[in-house]
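Chemist: This is the structure I have questions about; it appears just below.
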Amino acid sequence: MMSLKIILIKPMSVNIQKILHSPIFLLGLLLTIILISYYPNIDNPKKTNYSYINAFSYSYKFVVDENLDEKKIRRKDKKWIKNNFTLVESQYEYYPGRDQQLQNKVDKLFDKKYINRLNVNFHLLGTDSQGRDLLSLLLVATRNNLLLAFMTVILSIFFGTILGILTGYFLNRDDPLYFRSIQNFIITITNGIADTPMLAWAFLIWLSQQIFFESTPYVRTIYMFIFLAITYYSSILSKGIRSHLYELNKREFLSSAEMLGVKKFVIIYRHIIKSNLKNRLFSLSIMIITQAIFLEITLSFKPIGIGFTNHLTYGTLINSLLANSYSINMIIPALFSLLLCNYLTYFSSKINKPTT
Amino acid sequence: MNSFKKFIFNVFLGSLIIGIIFRVIVWLILIKFSSEGIHYPWASTTAQIFNRLLFFESSSIFNNYISFLTITLKITLISWLLCLAISAILAVLSYNYLFFKKISNYIISLTNIHIFGGFLIIYFIHVKNDMPIPQSSFLAIILVVFCNGTLKILVDKFISLLNSIFNQQYVHFAESQGISKWISALRQIKFDLFETALEILPFFLINSIIAELAFDGVKGLGSEMLNTFNDTAAGYDRLDIVFLMIFSFVFISRFASFVYDEFKNNINKTNVS
């Protein structure tokens, strides 16, 4: 029995692990999140329910269930309801949270059973301070952050790989001699860029944009990420690729391929990128996605305030909830983004592990 | 290239050049301000404009700057040492007791929540209880140690380090002769620990800066960087402090890498000889 259990359970767990660690699963998960995020409507269409609703709860409205004029309530209350409730299809209704004084009065009417309470929408993660569904907001924020991160990754991988292969393979030859000088020059510049803290670059780009180009925070932040991808992230990436190529050069199969007359571009594609750099580039891409998400949160963080302001991202979501912080809901976007980043980091570390 | 030359060219001059590049860019921004009507006393003649690029306005800038630098270095070094000590203890305990390894693995996995994640938790606890958020270096240190994810990386690294050292033949031989494996491998453990510790020092500097950005009250280089760039955007002349800040950031991280490389080279030389 025991052995049967082992036979049945072990392959299952191994399969689950295999699925969780496969790049296709990760890409599928991220793409699913992006596609699902187009479905929900993030607006609060009635623009009335301005209050937090806890997770696993319904948003609700107060209604007068019968004809108000025929209802046996005080004339003064009737008048108050007519003034403060909204008439929708011959029914008076009121969404809570607009004003605390109004809310107190409505609660009194509800206690006296003059009005009824009806559930409107179910909110799995609750709502933000404006009554918008937090899960929908999170999905849209995840999409925006991932798209920004993908843009950063594509640019940095493109420029980083070119720089890395250029300095680690193409120019890493003694003949002709000036190759070494060019290699040293590129290495000095990329090292200089990579050694300066990313925040200093971000501030400098922000400052230059403030002074030289007038643009909205959205455009400014997009340009900032493009600039950082081309300079900072590609420098870091080229550093990693270069050190990897130095190790490959020691194994001499690149020199052997050259001696056999294989063209350099074929060597770069087949022997370097396809057979050696593929996994490393993938794990570096995931690392950059994580860093881009954290950078966005950092830049949009209120005390710093050089990132997005109105665009829906993790950073702005955390900020808007920081401003209305009397609900446990404010911690959910932060936890969600950290969970996603932790999963990506874990995934990256699993890919980086040497295979035996 | 010998060590001294490497220090001068790579560490000192390299940092100086990056500092100068930032100085030139901010100087260009100030000239742009000057053309838009914001008056700087030094911008009346061309010679004075170039003088401003090359020379400091006054020496008093250094006094303020050193106090900022001290706070940042204090946070960096204390959190670095604390993180090393905690991770070394956790690694030794995890190496000796399997159940502890499993528990600590789960617990320290939670530390990878980024400094702002930690700050949000502190913020939420205080706001919920209607208390002001304490602005102390102590909290910044706690965040840097427990929220930047290095603790887990270090513990994993130390455990694999202990495994590789204790599997070496000289340790097995010493054990067979009745000498404790810890005593026989102590020298190598110390070297490897120090090597790993040096490698991650620049990372702690960056995290200290981020922690300072979150806490307004901790007046280190991070908060000063934020103020400096905000001031520059508002038209104030902060040319000298920008230069000093960037120079010291790059210098510290390059100096740590330099010490790490030198240490590694010396160990390799000793092993070869």
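In the structure tokens, each chain is lettered A, B, ... as it comes, each chain's residues begin at 1, and ligands are numbered from 1 in order of appearance.
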If you take only C-alpha atoms and a cut-off of 9 Å, which residues of chain A touch chain B, and what are their nearest atom pairs and distances in Å to one decimal, in chain and number order, as a Markdown table?
Modeler:
```
| residue | atom | partner | partner_atom | distance |
| --- | --- | --- | --- | --- |
| A:Thr188 | CA | B:Gly14 | CA | 8.4 |
| A:Gly192 | CA | B:Ile18 | CA | 6.7 |
| A:Ile193 | CA | B:Ile18 | CA | 8.2 |
| A:Asp195 | CA | B:Val250 | CA | 5.9 |
| A:Thr196 | CA | B:Val250 | CA | 5.6 |
| A:Pro197 | CA | B:Ile206 | CA | 6.8 |
| A:Met198 | CA | B:Ile206 | CA | 8.8 |
| A:Leu199 | CA | B:Ile210 | CA | 8.6 |
| A:Ala200 | CA | B:Ile246 | CA | 7.6 |
| A:Phe203 | CA | B:Phe229 | CA | 6.6 |
| A:Leu204 | CA | B:Phe229 | CA | 7.7 |
| A:Trp206 | CA | B:Phe229 | CA | 9.0 |
| A:Leu207 | CA | B:Ala233 | CA | 6.1 |
| A:Ser208 | CA | B:Ile29 | CA | 7.1 |
| A:Gln210 | CA | B:Ala233 | CA | 7.0 |
| A:Ile211 | CA | B:Ile29 | CA | 6.8 |
| A:Phe212 | CA | B:Ile29 | CA | 8.2 |
| A:Phe294 | CA | B:His114 | CA | 8.0 |
| A:Ile297 | CA | B:Phe116 | CA | 8.3 |
| A:Thr298 | CA | B:Phe116 | CA | 7.6 |
| A:Phe301 | CA | B:Ala214 | CA | 8.6 |
| A:Pro303 | CA | B:Ala214 | CA | 6.9 |
| A:Ile304 | CA | B:Leu226 | CA | 7.0 |
| A:Ile318 | CA | B:Leu120 | CA | 8.8 |
| A:Leu322 | CA | B:Leu120 | CA | 8.4 |
| A:Ser325 | CA | B:Val127 | CA | 7.0 |
| A:Tyr326 | CA | B:Lys128 | CA | 6.1 |
| A:Ser327 | CA | B:Lys128 | CA | 7.9 |
| A:Ile328 | CA | B:Phe124 | CA | 8.1 |
| A:Met330 | CA | B:Phe124 | CA | 8.1 |
| A:Ile331 | CA | B:Leu120 | CA | 7.3 |
| A:Ala334 | CA | B:Gly117 | CA | 6.5 |
| A:Leu335 | CA | B:Gly117 | CA | 7.5 |
| A:Leu338 | CA | B:Ile113 | CA | 5.8 |
| A:Leu339 | CA | B:Ile113 | CA | 8.1 |
| A:Cys341 | CA | B:Ile113 | CA | 8.6 |
| A:Asn342 | CA | B:Asn112 | CA | 6.9 |
```
Chemist: Please dump the current selection as a CSV table (one decimal), in the first residue's frame; keep N, CA and C atoms.
Modeler:
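So the final result, stored in part26.csv, reads:
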```csv
chain,number,residue,atom,x,y,z
A,188,THR,N,34.0,50.4,-20.2
A,188,THR,CA,34.1,51.5,-19.2
A,188,THR,C,32.7,52.3,-19.1
A,192,GLY,N,30.2,52.2,-16.0
A,192,GLY,CA,29.9,53.5,-15.4
A,192,GLY,C,28.4,53.7,-15.2
A,193,ILE,N,27.6,53.3,-16.2
A,193,ILE,CA,26.2,53.5,-16.2
A,193,ILE,C,25.6,52.5,-15.1
A,195,ASP,N,27.1,51.2,-12.5
A,195,ASP,CA,27.5,51.5,-11.1
A,195,ASP,C,26.7,52.6,-10.5
A,196,THR,N,26.2,53.5,-11.3
A,196,THR,CA,25.4,54.7,-10.7
A,196,THR,C,24.0,54.1,-10.3
A,197,PRO,N,23.5,54.5,-9.1
A,197,PRO,CA,22.2,54.0,-8.7
A,197,PRO,C,21.1,54.4,-9.7
A,198,MET,N,20.2,53.4,-9.9
A,198,MET,CA,19.2,53.6,-10.8
A,198,MET,C,18.3,54.8,-10.5
A,199,LEU,N,18.1,55.0,-9.2
A,199,LEU,CA,17.3,56.2,-8.8
A,199,LEU,C,17.9,57.5,-9.2
A,200,ALA,N,19.2,57.6,-9.2
A,200,ALA,CA,19.9,58.8,-9.6
A,200,ALA,C,19.7,59.0,-11.1
A,203,PHE,N,16.0,60.2,-11.5
A,203,PHE,CA,15.9,61.6,-11.1
A,203,PHE,C,16.4,62.5,-12.2
A,204,LEU,N,17.6,62.1,-12.8
A,204,LEU,CA,18.2,63.0,-13.8
A,204,LEU,C,17.3,63.0,-15.0
A,206,TRP,N,14.1,62.5,-15.2
A,206,TRP,CA,12.9,63.3,-14.8
A,206,TRP,C,13.2,64.8,-14.8
A,207,LEU,N,14.3,65.2,-14.3
A,207,LEU,CA,14.7,66.6,-14.2
A,207,LEU,C,14.9,67.2,-15.6
A,208,SER,N,15.6,66.4,-16.5
A,208,SER,CA,15.8,66.9,-17.9
A,208,SER,C,14.5,67.0,-18.6
A,210,GLN,N,11.6,67.6,-17.2
A,210,GLN,CA,10.9,68.8,-16.6
A,210,GLN,C,11.3,70.1,-17.2
A,211,ILE,N,12.6,70.2,-17.5
A,211,ILE,CA,13.2,71.4,-18.0
A,211,ILE,C,13.1,71.5,-19.5
A,212,PHE,N,13.4,70.5,-20.2
A,212,PHE,CA,13.6,70.6,-21.6
A,212,PHE,C,12.3,70.3,-22.4
A,294,PHE,N,8.9,46.9,-9.5
A,294,PHE,CA,9.3,47.6,-8.3
A,294,PHE,C,9.7,49.0,-8.5
A,297,ILE,N,6.6,51.1,-8.8
A,297,ILE,CA,6.0,51.4,-7.5
A,297,ILE,C,6.9,52.5,-6.8
A,298,THR,N,8.2,52.3,-6.9
A,298,THR,CA,9.1,53.3,-6.2
A,298,THR,C,8.9,54.7,-6.8
A,301,PHE,N,5.5,56.2,-5.9
A,301,PHE,CA,5.3,56.3,-4.4
A,301,PHE,C,5.3,57.8,-4.0
A,303,PRO,N,5.9,60.1,-1.6
A,303,PRO,CA,7.0,61.0,-1.2
A,303,PRO,C,8.0,61.2,-2.4
A,304,ILE,N,8.1,60.3,-3.3
A,304,ILE,CA,9.0,60.5,-4.4
A,304,ILE,C,8.2,61.2,-5.6
A,318,ILE,N,-1.5,51.9,-4.9
A,318,ILE,CA,-1.0,51.9,-3.5
A,318,ILE,C,-1.1,53.3,-3.0
A,322,LEU,N,-3.1,54.7,0.0
A,322,LEU,CA,-2.4,55.4,1.2
A,322,LEU,C,-3.1,56.6,1.6
A,325,SER,N,-6.5,55.5,4.1
A,325,SER,CA,-5.9,54.3,4.6
A,325,SER,C,-6.6,53.6,5.8
A,326,TYR,N,-7.9,54.0,6.0
A,326,TYR,CA,-8.6,53.4,7.1
A,326,TYR,C,-9.3,52.1,6.8
A,327,SER,N,-8.7,51.3,5.9
A,327,SER,CA,-9.3,50.0,5.6
A,327,SER,C,-8.2,49.0,5.3
A,328,ILE,N,-8.5,47.8,5.7
A,328,ILE,CA,-7.5,46.7,5.4
A,328,ILE,C,-7.3,46.6,3.9
A,330,MET,N,-6.4,48.6,1.7
A,330,MET,CA,-5.2,49.3,1.2
A,330,MET,C,-4.0,48.4,1.0
A,331,ILE,N,-3.9,47.3,1.8
A,331,ILE,CA,-2.8,46.5,1.8
A,331,ILE,C,-2.8,45.4,0.7
A,334,ALA,N,-0.7,46.1,-2.5
A,334,ALA,CA,0.7,45.9,-2.2
A,334,ALA,C,1.1,44.4,-2.1
A,335,LEU,N,0.2,43.7,-1.4
A,335,LEU,CA,0.5,42.2,-1.2
A,335,LEU,C,0.4,41.5,-2.6
A,338,LEU,N,3.6,42.2,-4.5
A,338,LEU,CA,4.7,41.5,-4.0
A,338,LEU,C,4.6,40.0,-4.2
A,339,LEU,N,3.4,39.5,-4.2
A,339,LEU,CA,3.2,38.1,-4.5
A,339,LEU,C,3.7,37.7,-5.9
A,341,CYS,N,5.7,39.5,-7.8
A,341,CYS,CA,7.2,39.7,-7.9
A,341,CYS,C,7.9,38.5,-7.3
A,342,ASN,N,7.4,38.0,-6.1
A,342,ASN,CA,8.1,36.9,-5.5
A,342,ASN,C,8.0,35.7,-6.3
```
Chemist: May I have the residues within 8 Å of Asn119 in chain A as a tab-separated table (two decimals) with N, CA and C atoms, in the first residue's frame, using only C-alpha atoms and disregarding those fewer than 5 positions away in the same chain?
Modeler:
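Written file, around.tsv:
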```tsv
chain	number	residue	atom	x	y	z
A	58	TYR	N	-20.92	42.19	-0.30
A	58	TYR	CA	-21.71	42.81	-1.35
A	58	TYR	C	-21.72	44.33	-1.16
A	59	SER	N	-21.72	45.05	-2.28
A	59	SER	CA	-22.05	46.47	-2.16
A	59	SER	C	-23.58	46.54	-2.09
A	60	TYR	N	-24.12	47.55	-1.46
A	60	TYR	CA	-25.58	47.58	-1.25
A	60	TYR	C	-26.13	48.98	-1.46
A	61	LYS	N	-27.44	49.02	-1.60
A	61	LYS	CA	-28.11	50.33	-1.71
A	61	LYS	C	-29.36	50.29	-0.84
```
Chemist: What lies within 12 Å of Pro41 in chain B using only C-alpha atoms, ignoring chain neighbours under 6 positions off, as a list in words?
Modeler: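 So, after excluding close chain neighbours, the residues are Leu30, Ile31, Ser34, Gln48, Ile49, Asn51, Arg52, Glu57, Tyr236 and Asp237 of chain B.
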Chemist: Can you pull out every residue within 10 Å of Thr86 in chain A, counting only C-alpha atoms, but drop anything in the same chain fewer than 6 positions away, and send it as a list in words?
Modeler: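 Near Thr86 in chain A, the qualifying residues are Val63, Tyr92, Glu93, Tyr94 and Tyr95 of chain A.
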Chemist: Rounded to one decimal in Å, what is the spacing between CA of Gly217 in chain B and CA of Ile66 in chain B?
Modeler: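 Pair CA of Gly217 in chain B / CA of Ile66 in chain B returns 17.1 Å.
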Chemist: Let me make sure I understand: among A:Lys250, A:Leu237, A:Pro40, A:Ile24, which one has the smallest atom-to-atom distance to Ile157 in chain A if we use only C-alpha atoms?
Modeler: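 Once distances to Ile157 in chain A are computed over only C-alpha atoms, the minimum belongs to A:Leu237.
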Chemist: Would you please give, as a list in words, all residues of range 93-342 of chain A that DSSP assigns to strand (DSSP E or B) based on the backbone?
Modeler: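 These are the residues in question: Glu93, Tyr94, Asn116, Arg117, Leu118, Asn119, Val120, Asn121, Phe122, His123, Thr127 and Asp133 of chain A.
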Chemist: So that I can check the secondary structure, give me every residue of range 132-162 of chain B assigned alpha helix (DSSP H) by backbone DSSP, as a VMD selection string.
Modeler: chain B and resid 137 to 147 150 to 162
